[in-house]
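Only one structure is covered here, and it is reproduced in the block below.
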Amino acid sequence: MVLAANIRPAIIVNDELSYLLMADTMSRGRLGIWNGADGMRSDELVLHGFSEAGGVLYSQYPPFYGLLMMPFYIFAGVWGLVFANSLAFSATVFLVYLISAELFRDNRLGFCISIFYSLCAYSIKFGLEVWPHMTTTALTAGSAYLLLKGKPVLSGFMLGVAAGVRYPNAILLLALATYAAWTLGWRGGAKVVLGGAAPIAAILAFNMRVYGSLTRLGYDNGLDVFEYLGREGWLVYLPLAALALVSAYTFWRCGRGVRAWHVLAVVAILSAVVLASDPLAPGRLRTSARILYGELVDFQVHPGYSGDGNKKSVLQASPILALALTAPALIRRDVGLERTALLYMPASVLAVFFTMFKDMHGGNVMYVRYLLDGIPFLAIAAGYAVSKLLEARRWDSILSATVGYALLFFALSPLQFLPGPGAELMVRALPISTGLLLLASAIHRGGRGKALLQAMIIMSAGTGLAFNMSDSVRTMTGRQITLESLEGLEVAEYDSAFIVGDDLDAVKVGLLKLDRRVRLADASRDGFKDANMLLEHYMGEGLPVYAVEANNTRFGEFLESARGRWEHTSFEAGRMHITRFKGEG
């Protein structure tokens, strides 16, 4: 909260612009976003993360984010959205405490695990941003806690709301319904589904109103959900079909002593059937395995992706979570199989689901934020493992390991902001090797292994804390650049038009849409086909048009041609070069 109160909020990613405009539009009593598409049809007026229907833009994301954030946005604008995420982060930390205390019947251990999650599990960053992931993480954790307390209807409702913020949470709703059927009987599973029915129905009604179909989403300008899933073939249905079959099997065997190997056998049989029916299965399996490795363990890009930009995996961000792999046997012994499964269900279901999309998200790995809803549960498991493994009190080895790690980190930390082999060592080799050593030392704890385990726990926790803070600082630096650019654009007129050459510049000027009725055209959206047409249209209407210089040859050619045909002036805004064209009106 202290950090949130002392930052100047802005946006640095095109998805954040979409979420911000959703909240802004909802606060004005509308669902659709105006961007001039009603008067001039062009793909370049359909911004990243939006689809167009009837001349109005709608976010590709489900509508509940704008609804939930509306009071915060009305109260404090962009900072209100950051404040809401800070509240969600604080609520998640408290829920981690409640879940841990409920599972292990130990309030002190629950308190320690909640501190561990808040500092070492790479979530502070998302509590200081516009992204919605911390909000859905809080809802997911709250849903799990309500289920532990025997309130399946409320639990399902919370996950239904989470699905209304991010569609993948509908997968967790099915998974949690399966878990409830397993632990509470078929009526428990039905109550979870019933609780989620109302928010899911609202999402379907929204899709029907906007796109004319219950199953059409905002992705790819109203693509049908079955077409979207079907693009990857039969394999994409594996998590959904497995959950459905396990649910049916659990209902049938309810009260007859369902065992873990029964469930695993059903999943294995289903997997074999699906893989045998898909001629592309071997290639898909290799691709999915690489993506899963990239999501959980290491940096990599999806096969076939040639762009820059590696994104942090779960273990990359917080290597101490590797201890979650050692914890199932320990936890099962103390709390039973059913409650142990609850800790591993969210992250595993989401990870399997996302690996089914071989070229999802334009090529980069899913990033830890895609699995953020499951991180609190992994943190509980890892924190419990720490409490059980850290038995020897060798304060001399702990002190020496702390000093050694501090020297290592401060010697290498500047490299994480630089390209090249040095940065690769800091952000790739060090956390991965730390995580592997942590697992090895946890497995062998005798003699010197205990001292090594203590050292590795300290190093891995320190790495997680370092990334938690340094990535937050780096993000704040990027937001400061955006704000500096906006300060140079104070001269932009009301009811004007901006033409940009890439997503990054669209983000930098996107905040102008909040109060200046700015039309924003991303010329790269359709390969620069309509840039000249847009300019001529707006100039003919007498509107001031601003072109933001982009490091793109084709957009540079467009600007050079336009400057030769129209009267113009140029100025600098932050790090952007702006050309203002004078209209004919």
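Every chain in the structure tokens takes a letter, A first, then B, and so on in the order presented; its residues are numbered from 1, and the ligands are numbered from 1 following the presented order.
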
Using only C-alpha atoms, which residues sit within 7 Å of range 40-44 of chain A once same-chain residues fewer than 3 positions away are excluded, as a PyMOL selection string?
chain A and resi 36-37+47+521-523+525-526+530

So which residues touch range 348-355 of chain A within 7 Å, counting only C-alpha atoms, skipping near sequence neighbours fewer than 5 positions away, as a PDB file with all heavy atoms, in the first residue's frame?
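Saved as result_1.pdb:
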ATOM      1  N   PRO A 239      -7.570 -31.017 -21.512  1.00  0.00           N
ATOM      2  CA  PRO A 239      -7.880 -30.659 -20.110  1.00  0.00           C
ATOM      3  C   PRO A 239      -9.376 -30.628 -19.838  1.00  0.00           C
ATOM      4  O   PRO A 239      -9.831 -31.086 -18.787  1.00  0.00           O
ATOM      5  CB  PRO A 239      -7.250 -29.265 -19.943  1.00  0.00           C
ATOM      6  CG  PRO A 239      -6.278 -29.144 -21.063  1.00  0.00           C
ATOM      7  CD  PRO A 239      -6.833 -29.940 -22.188  1.00  0.00           C
ATOM      8  N   SER A 288       4.131 -28.741 -26.998  1.00  0.00           N
ATOM      9  CA  SER A 288       3.516 -28.473 -25.695  1.00  0.00           C
ATOM     10  C   SER A 288       4.511 -28.676 -24.566  1.00  0.00           C
ATOM     11  O   SER A 288       4.513 -27.921 -23.585  1.00  0.00           O
ATOM     12  CB  SER A 288       2.302 -29.387 -25.505  1.00  0.00           C
ATOM     13  OG  SER A 288       1.285 -29.082 -26.429  1.00  0.00           O
ATOM     14  N   ILE A 291       6.707 -25.658 -24.406  1.00  0.00           N
ATOM     15  CA  ILE A 291       5.994 -24.510 -23.842  1.00  0.00           C
ATOM     16  C   ILE A 291       5.823 -24.673 -22.335  1.00  0.00           C
ATOM     17  O   ILE A 291       6.015 -23.725 -21.564  1.00  0.00           O
ATOM     18  CB  ILE A 291       4.627 -24.337 -24.527  1.00  0.00           C
ATOM     19  CG1 ILE A 291       4.823 -23.973 -26.008  1.00  0.00           C
ATOM     20  CG2 ILE A 291       3.811 -23.233 -23.839  1.00  0.00           C
ATOM     21  CD1 ILE A 291       3.538 -23.972 -26.810  1.00  0.00           C
ATOM     22  N   LEU A 292       5.469 -25.897 -21.903  1.00  0.00           N
ATOM     23  CA  LEU A 292       5.311 -26.141 -20.471  1.00  0.00           C
ATOM     24  C   LEU A 292       6.629 -25.900 -19.745  1.00  0.00           C
ATOM     25  O   LEU A 292       6.654 -25.299 -18.657  1.00  0.00           O
ATOM     26  CB  LEU A 292       4.830 -27.578 -20.242  1.00  0.00           C
ATOM     27  CG  LEU A 292       4.563 -27.972 -18.784  1.00  0.00           C
ATOM     28  CD1 LEU A 292       3.467 -27.110 -18.189  1.00  0.00           C
ATOM     29  CD2 LEU A 292       4.179 -29.446 -18.697  1.00  0.00           C
ATOM     30  N   LEU A 371      -0.051 -17.752 -14.996  1.00  0.00           N
ATOM     31  CA  LEU A 371      -0.265 -18.769 -13.977  1.00  0.00           C
ATOM     32  C   LEU A 371      -0.367 -18.154 -12.585  1.00  0.00           C
ATOM     33  O   LEU A 371      -0.278 -18.858 -11.578  1.00  0.00           O
ATOM     34  CB  LEU A 371       0.876 -19.789 -14.007  1.00  0.00           C
ATOM     35  CG  LEU A 371       1.094 -20.494 -15.356  1.00  0.00           C
ATOM     36  CD1 LEU A 371       2.297 -21.422 -15.291  1.00  0.00           C
ATOM     37  CD2 LEU A 371      -0.142 -21.275 -15.762  1.00  0.00           C
TER      38      LEU A 371
END

Identify, on the basis of only C-alpha atoms, every residue whose closest approach to range 380-385 of chain A does not exceed 10 Å; exclude the query and any residue fewer than 6 positions from it along the same chain; express the result as number ranges by chain.
A: 96-97, 99-100, 103-104, 109-110, 112-117, 320-331, 340, 343-344, 442

Closest to Gly39 in chain A among A:Ala201, A:Leu315, A:Val56, A:Ala506, using only C-alpha atoms?
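Closest residue, counting only C-alpha atoms: A:Val56.
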
Would you write out, as CSV, a table of all residues in range 465-537 of chain A that have an atom no more than 9 Å from an atom of range 124-143 of chain A, listing for each the closest atom pair and the distance in Å to one decimal, considering only C-alpha atoms and ordering rows by chain and rising residue number?
residue,atom,partner,partner_atom,distance
A:Asn468,CA,A:Ile124,CA,6.3
A:Met469,CA,A:Lys125,CA,7.4
A:Asp471,CA,A:Lys125,CA,6.9
A:Ser472,CA,A:Lys125,CA,4.8
A:Val473,CA,A:Lys125,CA,8.5
A:Thr475,CA,A:Lys125,CA,8.1
A:Met476,CA,A:Leu128,CA,8.8

Can you pull out every residue within 10 Å of range 61-69 of chain A, counting only C-alpha atoms, but drop anything in the same chain fewer than 5 positions away, and send it as a PyMOL selection string?
chain A and resi 15+18-27+31+49-51+74-75+77+80-85+131-132+135-136+161-167+199+202-204+206-207+217-219

Assign secondary structure with DSSP using the backbone only, and return the residues of range 496-541 of chain A in strand (DSSP E) as a PyMOL selection string.
chain A and resi 497-500+519-522

Would you write out those residues with C-alpha atoms, as a PDB file, in the first residue's frame?
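What follows is the written file out_28.pdb:
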ATOM      1  CA  ALA A 497      -6.476  12.221 -34.337  1.00  0.00           C
ATOM      2  CA  PHE A 498      -3.216  10.394 -33.667  1.00  0.00           C
ATOM      3  CA  ILE A 499      -1.613   8.028 -36.161  1.00  0.00           C
ATOM      4  CA  VAL A 500       1.088   5.772 -34.680  1.00  0.00           C
ATOM      5  CA  ARG A 519      -9.045   9.070 -32.365  1.00  0.00           C
ATOM      6  CA  LEU A 520      -6.118   6.669 -32.190  1.00  0.00           C
ATOM      7  CA  ALA A 521      -5.032   4.781 -35.312  1.00  0.00           C
ATOM      8  CA  ASP A 522      -2.338   2.098 -35.220  1.00  0.00           C
TER       9      ASP A 522
END

In Å, how far is it from CA of Trp79 in chain A to CA of Ile11 in chain A?
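Between these atoms lies a distance of 10.7 Å.
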
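With CA of Leu148 in chain A on one side and CA of Arg339 in chain A on the other, the separation reads 8.4 Å.
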